[in-house]
>>> print(open('run27.txt').read())   # compact mmCIF, C-alpha atoms
# COMPACT_ATOMS: atom_id res chain seq x y z
CA MET A 1319 -23.16 -9.76 -9.58
CA ASN A 1320 -26.29 -9.87 -7.44
CA ILE A 1321 -29.88 -9.57 -8.65
CA ILE A 1322 -30.25 -5.91 -7.60
CA MET A 1323 -27.13 -5.02 -9.57
CA ILE A 1324 -28.55 -6.76 -12.66
CA PHE A 1325 -31.79 -4.77 -12.31
CA TYR A 1326 -29.73 -1.60 -11.92
CA TYR A 1327 -27.93 -2.26 -15.20
CA LEU A 1328 -31.22 -3.06 -16.94
CA ILE A 1329 -32.73 0.23 -15.70
CA THR A 1330 -29.59 2.10 -16.78
CA ALA A 1331 -29.73 0.52 -20.24
CA TYR A 1332 -33.40 1.50 -20.50
CA LEU A 1333 -32.61 5.12 -19.53
CA VAL A 1334 -29.76 5.23 -22.06
CA PHE A 1335 -32.15 4.00 -24.74
CA ILE A 1336 -34.85 6.56 -23.80
CA LEU A 1337 -32.36 9.44 -23.67
CA GLY A 1338 -30.84 8.34 -26.98
CA TRP A 1339 -34.31 8.25 -28.51
CA ASN A 1340 -35.05 11.76 -27.16
CA PHE A 1341 -31.81 12.94 -28.73
CA VAL A 1342 -32.86 11.56 -32.11
CA ARG A 1343 -36.39 13.00 -31.79
CA GLU A 1344 -35.39 16.46 -30.56
CA LYS A 1345 -36.10 19.02 -33.30
CA LYS A 1346 -36.12 22.45 -31.68
CA SER A 1347 -33.62 23.05 -28.93
CA VAL A 1348 -29.83 22.76 -29.19
CA SER A 1349 -29.50 23.13 -25.42
CA HIS A 1350 -31.82 20.12 -24.94
CA LEU A 1351 -29.54 18.10 -27.20
CA ILE A 1352 -26.48 19.08 -25.18
CA LEU A 1353 -28.22 18.44 -21.85
CA THR A 1354 -29.33 15.00 -23.03
CA LEU A 1355 -25.74 14.09 -23.88
CA LEU A 1356 -24.51 15.40 -20.51
CA VAL A 1357 -27.04 13.23 -18.67
CA LEU A 1358 -26.05 10.26 -20.82
CA THR A 1359 -22.35 10.46 -19.94
CA PRO A 1360 -22.30 8.79 -16.48
CA LEU A 1361 -24.93 6.27 -17.53
CA VAL A 1362 -22.92 5.11 -20.55
CA LEU A 1363 -19.69 4.99 -18.50
CA ARG A 1364 -21.46 2.78 -15.94
CA LEU A 1365 -22.96 0.54 -18.61
CA LEU A 1366 -19.49 0.06 -20.08
CA ARG A 1367 -18.24 -0.64 -16.53
CA VAL A 1368 -15.63 2.10 -16.77
CA LYS A 1369 -16.70 4.34 -13.89
CA MET B 216 -33.15 23.97 -36.13
CA LYS B 217 -31.24 24.40 -39.33
CA ASN B 218 -28.97 21.61 -40.49
CA GLU B 219 -30.38 19.41 -37.75
CA LYS B 220 -28.70 16.23 -38.89
CA ILE B 221 -25.24 17.78 -39.17
CA LEU B 222 -25.58 19.32 -35.72
CA LYS B 223 -26.64 16.02 -34.17
CA ILE B 224 -23.80 14.14 -35.83
CA ALA B 225 -21.31 16.78 -34.65
CA LEU B 226 -22.64 16.73 -31.07
CA GLY B 227 -22.75 12.91 -31.06
CA ALA B 228 -19.14 12.77 -32.31
CA LEU B 229 -18.04 15.26 -29.63
CA PHE B 230 -19.83 13.17 -27.00
CA ALA B 231 -18.14 9.98 -28.21
CA ALA B 232 -14.73 11.68 -28.32
CA LEU B 233 -15.14 12.94 -24.73
CA LEU B 234 -16.26 9.50 -23.56
CA ILE B 235 -13.30 7.82 -25.21
CA ALA B 236 -10.77 10.44 -24.01
CA GLY B 237 -12.09 10.21 -20.45
CA GLY B 238 -12.89 6.51 -20.41
CA ILE B 239 -9.69 4.98 -21.79
CA PRO B 240 -7.36 6.30 -19.01
CA LEU B 241 -9.86 5.14 -16.37
CA SER B 242 -10.17 1.74 -17.99
CA LYS B 243 -6.35 1.40 -18.20
CA HIS B 244 -6.02 2.42 -14.55
CA HIS B 245 -8.59 -0.23 -13.61
CA ARG B 246 -6.53 -2.91 -15.36
CA PHE B 247 -3.06 -1.72 -14.29
CA ARG B 248 -1.17 -4.06 -11.92
CA THR B 249 1.89 -3.34 -9.79
CA PRO B 250 4.37 -6.23 -9.79
CA VAL B 251 5.61 -7.47 -6.42
CA VAL B 252 8.70 -9.66 -6.24
CA ALA B 253 8.22 -12.21 -3.48
CA GLY B 254 11.40 -12.17 -1.43
CA PRO B 255 13.30 -15.07 0.16
CA GLY B 256 10.99 -15.03 3.19
CA VAL B 257 7.76 -15.70 1.27
CA THR B 258 6.93 -19.38 1.60
CA ARG B 259 3.40 -19.37 0.16
CA VAL B 260 0.96 -16.99 -1.52
CA LEU B 261 -2.65 -17.64 -0.60
CA ARG B 262 -5.83 -15.89 -1.74
CA LEU B 263 -8.36 -14.34 0.59
CA SER B 264 -10.96 -16.56 -1.11
CA ASP B 265 -9.18 -19.55 0.50
CA PHE B 266 -10.93 -18.35 3.68
CA LEU B 267 -14.28 -17.58 2.03
CA PRO B 268 -14.80 -19.32 -1.33
CA SER B 269 -17.59 -16.93 -2.43
CA LEU B 270 -14.90 -14.23 -2.93
CA LYS B 271 -13.28 -16.20 -5.73
CA GLY B 272 -13.41 -14.34 -9.04
CA THR B 273 -14.67 -11.12 -7.44
CA ALA B 274 -13.00 -7.75 -6.83
CA GLY B 275 -12.93 -8.75 -3.16
CA ASP B 276 -10.30 -11.44 -3.65
CA THR B 277 -6.68 -10.55 -2.95
CA ASN B 278 -3.20 -12.00 -2.34
CA VAL B 279 -2.16 -13.12 1.12
CA TYR B 280 1.63 -13.51 1.34
CA VAL B 281 2.78 -15.99 3.98
CA LEU B 282 6.25 -15.76 5.53
CA GLU B 283 6.93 -18.79 7.72
CA GLY B 284 9.88 -19.17 10.06
CA ARG B 285 11.83 -22.36 10.67
CA GLU B 286 11.06 -22.17 14.37
CA PRO B 287 7.42 -22.40 15.46
CA GLY B 288 6.01 -19.34 17.17
CA GLY B 289 3.07 -16.96 17.01
CA ALA B 290 1.23 -15.56 14.00
CA ALA B 291 0.68 -11.95 12.94
CA LEU B 292 -1.36 -10.35 10.17
CA PHE B 293 -0.33 -7.06 8.52
CA MET B 294 -2.95 -5.46 6.30
CA ALA B 295 -2.56 -2.45 4.01
CA GLY B 296 -4.74 -0.98 1.29
CA THR B 297 -7.85 -0.95 3.46
CA HIS B 298 -7.98 2.59 2.08
CA PRO B 299 -5.90 2.50 -1.13
CA ASN B 300 -5.65 6.31 -1.26
CA GLU B 301 -3.34 6.02 1.77
CA PRO B 302 -0.40 4.37 0.00
CA ALA B 303 2.39 4.47 2.62
CA GLY B 304 1.04 1.29 4.23
CA ILE B 305 0.83 -0.49 0.87
CA ILE B 306 4.46 0.41 0.13
CA ALA B 307 5.61 -0.67 3.60
CA ALA B 308 3.81 -4.02 3.15
CA MET B 309 5.39 -4.53 -0.29
CA ILE B 310 8.87 -3.72 1.07
CA LEU B 311 8.29 -6.31 3.77
CA ILE B 312 7.20 -8.94 1.22
CA GLU B 313 10.23 -8.24 -0.99
CA ASN B 314 12.87 -8.16 1.77
CA ALA B 315 11.87 -9.70 5.08
CA THR B 316 12.63 -13.17 6.35
CA VAL B 317 10.84 -14.70 9.31
CA GLU B 318 13.02 -16.72 11.65
CA LYS B 319 10.35 -17.63 14.20
CA GLY B 320 6.58 -17.72 13.85
CA THR B 321 4.45 -16.78 10.84
CA LEU B 322 3.56 -13.50 9.15
CA TYR B 323 0.53 -13.04 6.91
CA VAL B 324 0.70 -9.91 4.75
CA ILE B 325 -2.14 -8.46 2.66
CA PRO B 326 -0.87 -5.40 0.75
CA THR B 327 -4.22 -4.60 -0.92
CA LEU B 328 -7.14 -5.46 1.34
CA ASN B 329 -9.68 -3.46 -0.68
CA VAL B 330 -8.82 -4.42 -4.26
CA SER B 331 -11.99 -2.83 -5.62
CA ALA B 332 -11.11 0.60 -4.15
CA SER B 333 -7.54 0.28 -5.41
CA ARG B 334 -8.86 0.09 -8.98
CA GLU B 335 -11.08 3.13 -8.52
CA THR B 336 -10.11 6.78 -8.51
CA ARG B 337 -11.56 10.14 -7.56
CA PRO B 338 -11.52 12.34 -10.67
CA GLY B 339 -13.81 14.88 -8.98
CA ASP B 340 -11.05 15.56 -6.46
CA GLY B 341 -8.41 15.68 -9.19
CA TYR B 342 -6.58 12.59 -7.93
CA PRO B 343 -3.68 11.45 -10.12
CA LEU B 344 -4.19 7.96 -11.54
CA TYR B 345 -0.67 6.76 -10.74
CA PHE B 346 2.45 7.75 -8.89
CA ASP B 347 6.03 6.59 -9.43
CA ILE B 348 8.82 6.21 -6.95
CA PRO B 349 12.48 6.06 -7.96
CA THR B 350 14.32 2.76 -7.50
CA PRO B 351 17.92 1.77 -8.37
CA TRP B 352 16.61 0.12 -11.57
CA GLY B 353 14.09 2.78 -12.70
CA GLU B 354 10.71 4.14 -11.68
CA LYS B 355 8.23 1.81 -9.96
CA ARG B 356 4.62 2.65 -10.74
CA PHE B 357 1.69 2.32 -8.33
CA ARG B 358 -2.04 2.79 -8.89
CA MET B 359 -3.49 5.63 -6.84
CA GLY B 360 -6.68 4.24 -5.39
CA ASN B 361 -9.79 5.53 -3.66
CA ARG B 362 -11.06 5.20 -0.08
CA ASP B 363 -14.18 3.14 -0.74
CA ALA B 364 -14.90 0.15 -2.96
CA SER B 365 -16.06 0.92 -6.47
CA PRO B 366 -19.80 1.03 -7.16
CA LEU B 367 -18.94 -1.17 -10.15
CA ASP B 368 -18.32 -3.98 -7.67
CA GLN B 369 -20.82 -3.23 -4.89
CA TRP B 370 -24.04 -1.42 -5.64
CA PRO B 371 -26.55 -0.02 -4.79
CA ASP B 372 -25.73 1.61 -1.45
CA PRO B 373 -28.42 1.47 1.25
CA ASP B 374 -30.05 4.71 2.52
CA VAL B 375 -28.52 3.95 5.91
CA TYR B 376 -25.86 1.33 6.59
CA ILE B 377 -26.85 -0.91 9.50
CA HIS B 378 -23.67 -2.46 10.85
CA TYR B 379 -23.64 -6.22 11.38
CA PRO B 380 -23.82 -7.58 14.05
CA GLU B 381 -23.95 -4.47 16.31
CA LYS B 382 -26.85 -2.83 14.42
CA GLN B 383 -25.29 0.64 14.72
CA LEU B 384 -26.51 3.10 12.07
CA LEU B 385 -23.64 4.37 9.93
CA SER B 386 -23.33 6.53 6.83
CA PHE B 387 -24.61 4.85 3.66
CA LEU B 388 -21.17 5.30 2.08
CA ASP B 389 -19.45 3.23 4.76
CA ILE B 390 -20.97 0.01 3.45
CA ARG B 391 -18.18 0.23 0.82
CA ASN B 392 -15.50 1.19 3.38
CA THR B 393 -13.53 -1.87 4.58
CA ASN B 394 -12.72 -0.07 7.79
CA ARG B 395 -16.41 0.02 8.73
CA THR B 396 -17.48 -3.49 7.75
CA TRP B 397 -15.55 -5.51 10.37
CA PRO B 398 -16.16 -8.24 11.53
CA GLY B 399 -18.19 -8.86 8.37
CA ARG B 400 -20.48 -11.75 7.51
CA PRO B 401 -20.19 -14.62 5.05
CA ASN B 402 -23.40 -13.81 3.16
CA GLY B 403 -23.18 -10.00 3.29
CA LEU B 404 -22.26 -7.43 0.68
CA LEU B 405 -18.82 -7.71 -0.93
CA MET B 406 -16.86 -5.60 1.59
CA GLU B 407 -18.55 -7.39 4.51
CA ARG B 408 -17.35 -10.65 2.96
CA VAL B 409 -13.80 -9.28 2.54
CA THR B 410 -13.54 -8.46 6.24
CA TYR B 411 -15.24 -11.73 7.20
CA ALA B 412 -12.62 -13.66 5.19
CA ALA B 413 -9.84 -11.72 6.96
CA MET B 414 -11.49 -12.58 10.30
CA GLU B 415 -11.52 -16.25 9.26
CA LEU B 416 -7.81 -16.00 8.42
CA ILE B 417 -7.21 -14.58 11.90
CA ARG B 418 -9.34 -17.19 13.68
CA LYS B 419 -8.19 -20.26 11.74
CA ASN B 420 -4.48 -19.42 12.02
CA GLN B 421 -4.56 -18.29 15.67
CA VAL B 422 -3.28 -14.85 14.68
CA GLY B 423 -2.33 -13.03 17.88
CA LEU B 424 -1.37 -9.64 16.44
CA ALA B 425 -3.31 -7.88 13.64
CA VAL B 426 -2.17 -4.55 12.25
CA ASP B 427 -4.06 -2.33 9.80
CA LEU B 428 -1.89 0.31 8.05
CA HIS B 429 -3.44 3.68 7.23
CA GLY B 430 -2.75 7.35 6.57
CA ALA B 431 -4.67 10.34 7.94
CA GLU B 432 -4.95 14.06 7.28
CA THR B 433 -2.73 16.43 9.26
CA MET B 434 -5.91 18.32 10.24
CA PHE B 435 -7.52 15.17 11.64
CA PRO B 436 -6.92 14.58 15.36
CA VAL B 437 -6.42 10.82 14.95
CA THR B 438 -3.19 11.06 12.98
CA ASN B 439 0.44 10.08 13.50
CA CYS B 440 -0.67 7.50 16.03
CA ILE B 441 -1.34 3.91 16.99
CA VAL B 442 -5.02 3.21 17.62
CA ALA B 443 -5.56 0.31 20.01
CA PRO B 444 -8.38 -1.08 22.17
CA GLU B 445 -8.01 -1.59 25.92
CA LYS B 446 -6.54 -5.09 25.64
CA ALA B 447 -3.76 -3.88 23.28
CA ALA B 448 -3.10 -0.51 24.93
CA LYS B 449 -0.10 -1.64 26.98
CA ILE B 450 1.82 -2.90 23.95
CA ALA B 451 0.85 0.20 21.93
CA THR B 452 2.15 2.46 24.73
CA MET B 453 5.45 0.58 24.93
CA VAL B 454 5.85 0.82 21.14
CA SER B 455 5.05 4.53 21.14
CA MET B 456 7.61 5.26 23.89
CA THR B 457 10.29 3.06 22.31
CA VAL B 458 10.13 4.54 18.81
CA LYS B 459 10.22 8.04 20.31
CA ALA B 460 13.22 7.26 22.52
CA VAL B 461 15.22 5.10 20.12
CA GLU B 462 14.25 6.31 16.64
CA GLY B 463 13.22 9.87 17.39
CA PHE B 464 9.74 10.10 15.90
CA ASP B 465 6.38 10.66 17.56
CA ASN B 466 3.56 8.13 17.29
CA HIS B 467 1.14 8.64 20.14
CA VAL B 468 -1.52 6.16 21.29
CA GLU B 469 -5.23 6.74 20.64
CA PRO B 470 -7.84 4.59 22.38
CA SER B 471 -10.18 2.64 20.12
CA PRO B 472 -13.70 3.95 20.89
CA GLN B 473 -16.00 1.24 22.24
CA ASN B 474 -19.15 2.73 20.72
CA PHE B 475 -17.98 3.29 17.17
CA ARG B 476 -18.49 0.02 15.34
CA GLY B 477 -17.07 -1.59 12.23
CA LEU B 478 -13.45 -0.50 12.64
CA SER B 479 -10.61 -3.02 12.49
CA HIS B 480 -9.06 -1.86 15.78
CA ARG B 481 -12.37 -2.47 17.55
CA GLU B 482 -13.99 -5.52 15.92
CA ILE B 483 -10.88 -7.71 15.42
CA GLY B 484 -10.27 -7.46 19.15
CA ASP B 485 -13.91 -8.07 20.06
CA TYR B 486 -14.51 -10.98 17.64
CA SER B 487 -11.19 -12.85 17.91
CA ASP B 488 -8.35 -13.43 20.33
CA ALA B 489 -6.01 -11.20 18.32
CA LEU B 490 -4.67 -7.88 19.59
CA PRO B 491 -5.55 -5.29 16.94
CA PHE B 492 -3.66 -2.08 16.12
CA LEU B 493 -4.31 0.57 13.49
CA LEU B 494 -1.39 2.76 12.43
CA GLU B 495 -1.99 6.26 11.08
CA ALA B 496 0.79 8.13 9.28
CA PRO B 497 0.10 11.78 8.33
CA ILE B 498 -0.65 12.27 4.64
CA PRO B 499 -1.01 15.95 3.63
CA PHE B 500 -2.36 14.87 0.21
CA LEU B 501 -5.67 13.95 1.90
CA ASP B 502 -6.14 17.28 3.67
CA GLN B 503 -8.88 19.42 2.14
CA PRO B 504 -7.31 22.91 2.18
CA THR B 505 -4.30 22.13 -0.01
CA GLY B 506 -3.21 23.13 -3.49
CA PRO B 507 -3.79 20.76 -6.42
CA LYS B 508 -3.72 17.03 -5.64
CA THR B 509 -0.54 16.33 -7.57
CA VAL B 510 1.85 13.38 -7.51
CA LYS B 511 4.43 15.76 -6.05
CA LEU B 512 2.15 16.55 -3.09
CA MET B 513 1.54 12.82 -2.60
CA LEU B 514 5.29 12.14 -2.55
CA ASP B 515 6.76 15.09 -0.64
CA GLY B 516 3.75 16.22 1.40
CA LYS B 517 4.75 19.88 0.95
CA ASP B 518 1.93 22.39 0.71
CA PRO B 519 1.99 26.18 1.27
CA PHE B 520 -1.58 26.29 2.60
CA LEU B 521 -0.86 23.64 5.23
CA LEU B 522 2.27 25.58 6.16
CA LYS B 523 0.08 28.63 6.90
CA LEU B 524 -2.33 26.50 8.89
CA ALA B 525 0.58 25.02 10.84
CA ALA B 526 1.72 28.54 11.75
CA SER B 527 -1.70 29.20 13.27
CA LYS B 528 -1.64 25.82 15.08
CA LYS B 529 -4.50 24.26 13.13
CA LEU B 530 -2.70 20.98 12.43
CA PHE B 531 -2.35 17.97 14.71
CA VAL B 532 1.23 17.18 13.67
CA PRO B 533 4.39 19.30 13.48
CA TYR B 534 4.64 20.70 9.94
CA ASP B 535 7.36 22.78 8.30
CA GLU B 536 8.97 23.44 4.89
CA ASN B 537 10.09 19.80 4.74
CA GLY B 538 6.47 18.64 4.45
CA TRP B 539 5.71 15.05 5.35
CA PRO B 540 7.41 12.91 2.66
CA LEU B 541 6.32 9.43 1.66
CA ASP B 542 9.67 7.92 2.75
CA LYS B 543 9.12 9.22 6.27
CA ARG B 544 5.57 7.80 6.39
CA VAL B 545 6.69 4.40 5.07
CA GLY B 546 9.64 4.42 7.50
CA GLN B 547 7.35 5.13 10.47
CA HIS B 548 5.08 2.23 9.50
CA ALA B 549 8.08 -0.11 9.15
CA SER B 550 9.60 0.74 12.51
CA VAL B 551 6.27 0.63 14.35
CA LEU B 552 5.52 -2.80 12.82
CA LEU B 553 8.91 -4.13 13.92
CA GLU B 554 8.48 -2.68 17.38
CA LEU B 555 4.97 -4.15 17.67
CA LEU B 556 6.41 -7.57 16.85
CA ARG B 557 9.19 -7.07 19.42
CA GLN B 558 6.88 -5.95 22.21
CA TYR B 559 4.33 -8.67 21.43
CA SER B 560 7.07 -11.32 21.48
CA LYS B 561 8.36 -9.96 24.77
CA LYS B 562 4.90 -10.14 26.34
CA PHE B 563 4.08 -13.59 24.91
CA PRO B 564 7.43 -15.41 24.55
CA GLU B 565 5.76 -18.68 23.55
CA GLN B 566 4.05 -16.79 20.69
CA ALA B 567 7.15 -14.87 19.60
CA ILE B 568 7.62 -13.75 15.99
CA ARG B 569 11.12 -12.82 14.86
CA VAL B 570 11.71 -11.00 11.57
CA SER B 571 14.92 -9.87 9.86
CA GLY B 572 15.70 -7.99 6.64
CA PHE B 573 12.87 -5.43 7.01
CA PRO B 574 14.39 -1.91 7.03
CA ARG B 575 13.64 0.54 9.82
CA TYR B 576 12.70 4.23 9.78
CA ALA B 577 16.23 5.65 9.47
CA ASP B 578 17.18 3.28 6.61
CA ILE B 579 14.06 4.12 4.59
CA VAL B 580 14.34 7.88 5.17
CA GLN B 581 18.03 7.83 4.23
CA LYS B 582 17.88 5.58 1.15
CA GLY B 583 14.29 6.19 0.05
CA ALA B 584 11.47 3.62 -0.08
CA GLY B 585 12.34 2.76 -3.69
CA ALA B 586 15.77 1.43 -2.68
CA TRP B 587 14.13 -1.67 -1.22
CA PHE B 588 12.25 -2.79 -4.31
CA HIS B 589 13.62 -5.46 -6.65
CA ASP B 590 13.47 -5.34 -10.43
CA PRO B 591 10.67 -7.67 -11.60
CA ALA B 592 12.51 -8.14 -14.91
CA GLU B 593 15.46 -9.67 -13.05
CA ALA B 594 13.39 -11.74 -10.64
CA VAL B 595 13.35 -15.53 -10.41
CA ALA B 596 10.54 -17.07 -12.46
CA GLY B 597 7.36 -17.52 -10.46
CA SER B 598 8.31 -15.00 -7.79
CA VAL B 599 6.54 -12.03 -9.40
CA HIS B 600 2.97 -11.43 -8.24
CA GLU B 601 0.53 -8.69 -9.19
CA GLU B 602 -1.27 -6.24 -6.96
>>> encode(input="run27.txt", output="C-alpha cells")
Amino acid sequence: MNIIMIFYYLITAYLVFILGWNFVREKKSVSHLILTLLVLTPLVLRLLRVK
Amino acid sequence: MKNEKILKIALGALFAALLIAGGIPLSKHHRFRTPVVAGPGVTRVLRLSDFLPSLKGTAGDTNVYVLEGREPGGAALFMAGTHPNEPAGIIAAMILIENATVEKGTLYVIPTLNVSASRETRPGDGYPLYFDIPTPWGEKRFRMGNRDASPLDQWPDPDVYIHYPEKQLLSFLDIRNTNRTWPGRPNGLLMERVTYAAMELIRKNQVGLAVDLHGAETMFPVTNCIVAPEKAAKIATMVSMTVKAVEGFDNHVEPSPQNFRGLSHREIGDYSDALPFLLEAPIPFLDQPTGPKTVKLMLDGKDPFLLKLAASKKLFVPYDENGWPLDKRVGQHASVLLELLRQYSKKFPEQAIRVSGFPRYADIVQKGAGAWFHDPAEAVAGSVHEE
C-alpha cells in the first residue's frame, strides 16, 4: 500500500468519525439522520476493504 | 424528535444490517478461488512476481503455467483475464492448462492477468457474482469479475492518465485497465507493474507469439476478430481465412491502431520481438441495451433486445434466436489459438510450437466447455492450483 493510499484511508476514517459524531449529535431532523447513514455506507465499506 | 434514542438505535441497526447483508457476499466473492487442475502438460507453475519481485504479495501477482515440450522450439504466451468480465478467454486458458500437452517448444499461460479486477464486481450494473458451468462431475463455479482493477488495490486514480512511455493522455479510469498500461514500468502503479512483469516474461524467455484473449460487445465494431499490428497481420490473415474455410466460423482481422497507446496488441509488438494478437469473441452480456445481466445471459448470450437490434442491422455480428453461447466463444478462442500456433510454426520452423490435447471449436461446441474440466477432488496431490 503506497503512502497516498494510507492518507486516503486516514481521511476516510476521519470522515467516518465526523459523520458518526454528527449522527449522535443530530437532534431535530430524521432525514438528516438517514442521509448521514447513506453517506457513511461507501466510506465504511471502503474502510473495511470490502468494496 | 420524540424517542430520539430509540430512533437512532433502530436506524443504526438497519444501517448495520444493510452493511452486513451487502458486504458479506462481496467479501466472500473477493475470497472465492476457482480450482484449476494442472494437466499432464504443465511442467512448472511460476508467479508473475518471478519477473518483477515488487508484485509479490500484491493483488497484481498471478500464476503463470508453463508447458514445456521435449523438443526445443519457440515460446508463446497466452493471456486471459486482462478483463475478467470477459470470461470465455479465461475458460479457454483453463481448458488448455488442464488438457494440453506441448510436444515442441514452450507455452506460458496466464489465465488471470488482472487478479485485482477478477475479485471485484459491478453491483451497479447488476452483475452476478458467480456463474457455473456443467461438467461431467458437477457444476464448476467461476468468479464473475470486473473490467478494471479494484480501487482497493490501486487508488487514487489520476485526473488524467498519462501513458508511459508514450505520454498519450487517456481516460483516468484506464490507469486500472491492464489493456491500457502496456508496456508498463517497474516502479509504476500496480497495473503498470503487472504489464511490465508480463513484458519481462516475454523478453527474458524470447517469446515469439503473445496472445491476449478478450470478449467484446456485439454492438462494438471491434468484435469477433483478431486484432494485430502490421508485423503480425500476415499470420492473422492466414488464421482468419483458415478457420473460416476449415471450421466454418468468422473471425476477421482488425489492424492495431498505431496512435492508440497502451494496448497489448500495440505495445507488445513495439517493445519486444514478439508478434502480438488480441482475440475478441462476441459477448452479448456486455452490450448495454439488453435485459437483466443474468447468469443465463452470460452463458447463452440470448437477448430479445439484441435480436430486435440485429433485425435492424445495428449489430456487428450475425445474431439470431441461438444467441452467442459461451461454448461457441470458448471454442472460437481455442481454434484460433491452435491456428495461430500452426501458422507461426509454419512461418518460423526453427521456432515451432506443437501442441496436442487442446480441443477445437467443434469439440467444445458439441460437448460443452465443461466437458474438458477435471474434478479437483479426484486430482493428483499438488496438481490443483487456485485462480
>>> interface_residues(input="run27.txt", of="chain B", to="chain A", cutoff="8 Å", atoms="only C-alpha atoms", output="PyMOL selection string")
chain B and resi 216+219+223+226-227+230+234+238+241-242+335+367-368+370-371
>>> atom_distance(input="run27.txt", atom1="CA of His1350 in chain A", atom2="CA of Gly1338 in chain A")
12.0 Å
>>> atom_distance(input="run27.txt", atom1="CA of Asp389 in chain B", atom2="CA of Ala364 in chain B")
9.5 Å
>>> atom_distance(input="run27.txt", atom1="CA of Gln383 in chain B", atom2="CA of Phe475 in chain B")
8.2 Å
>>> residues_around(input="run27.txt", residues="Lys523 in chain B", least_positions_apart="3", cutoff="12 Å", atoms="all atoms listed in the file", output="list of chain:residue names")
B:Pro504, B:Thr505, B:Lys517, B:Asp518, B:Pro519, B:Phe520, B:Ala526, B:Ser527, B:Lys528, B:Lys529, B:Leu530, B:Tyr534, B:Asp535, B:Glu536
>>> residues_around(input="run27.txt", residues="range 426-442 of chain B", least_positions_apart="5", cutoff="9 Å", atoms="all atoms listed in the file", output="number ranges by chain")
B: 291-305, 307-308, 448, 451-452, 454-455, 465-471, 479-480, 490-503, 521, 529-534, 544, 548, 551-552, 555
>>> residues_around(input="run27.txt", residues="Arg259 in chain B", least_positions_apart="6", cutoff="8 Å", atoms="all atoms listed in the file", output="mmCIF file with C-alpha atoms, in the coordinates of the input")
data_model
loop_
_atom_site.group_PDB
_atom_site.id
_atom_site.type_symbol
_atom_site.label_atom_id
_atom_site.label_comp_id
_atom_site.auth_asym_id
_atom_site.auth_seq_id
_atom_site.Cartn_x
_atom_site.Cartn_y
_atom_site.Cartn_z
ATOM 1 C CA TYR B 280 1.630 -13.510 1.340
ATOM 2 C CA VAL B 281 2.780 -15.990 3.980
ATOM 3 C CA LEU B 282 6.250 -15.760 5.530
#
>>> axis_aligned_box(input="run27.txt", around="range 1330-1339 of chain A", padding_each_side="6 Å", output="lines of an AutoDock Vina configuration file")
center_x = -32.2
center_y = 5.0
center_z = -22.6
size_x = 17.3
size_y = 20.9
size_z = 23.7
>>> residues_around(input="run27.txt", residues="Gly546 in chain B", least_positions_apart="6", cutoff="8 Å", atoms="all atoms listed in the file", output="number ranges by chain")
B: 307, 574-580, 584
>>> residues_near_point(input="run27.txt", point="(-6.3, 1.8, -4.3)", cutoff="6 Å", atoms="all atoms listed in the file", output="PyMOL selection string")
chain B and resi 299-300+332-334+359-361
>>> closest_residue(input="run27.txt", among="B:Leu344, B:Ile568, B:Val458, B:Ile310", to="His244 in chain B", atoms="all atoms listed in the file")
B:Leu344
>>> closest_residue(input="run27.txt", among="A:Ser1349, A:Ile1336, A:Ala1331, A:Arg1343", to="Leu1361 in chain A", atoms="all atoms listed in the file")
A:Ala1331
>>> residues_around(input="run27.txt", residues="Leu384 in chain B", least_positions_apart="5", cutoff="10 Å", atoms="only C-alpha atoms", output="PDB file with C-alpha atoms, in the frame of the given file")
ATOM      1  CA  VAL B 375     -28.520   3.950   5.910  1.00  0.00           C
ATOM      2  CA  TYR B 376     -25.860   1.330   6.590  1.00  0.00           C
ATOM      3  CA  ILE B 377     -26.850  -0.910   9.500  1.00  0.00           C
ATOM      4  CA  HIS B 378     -23.670  -2.460  10.850  1.00  0.00           C
ATOM      5  CA  TYR B 379     -23.640  -6.220  11.380  1.00  0.00           C
ATOM      6  CA  PHE B 475     -17.980   3.290  17.170  1.00  0.00           C
ATOM      7  CA  ARG B 476     -18.490   0.020  15.340  1.00  0.00           C
TER       8      ARG B 476
END
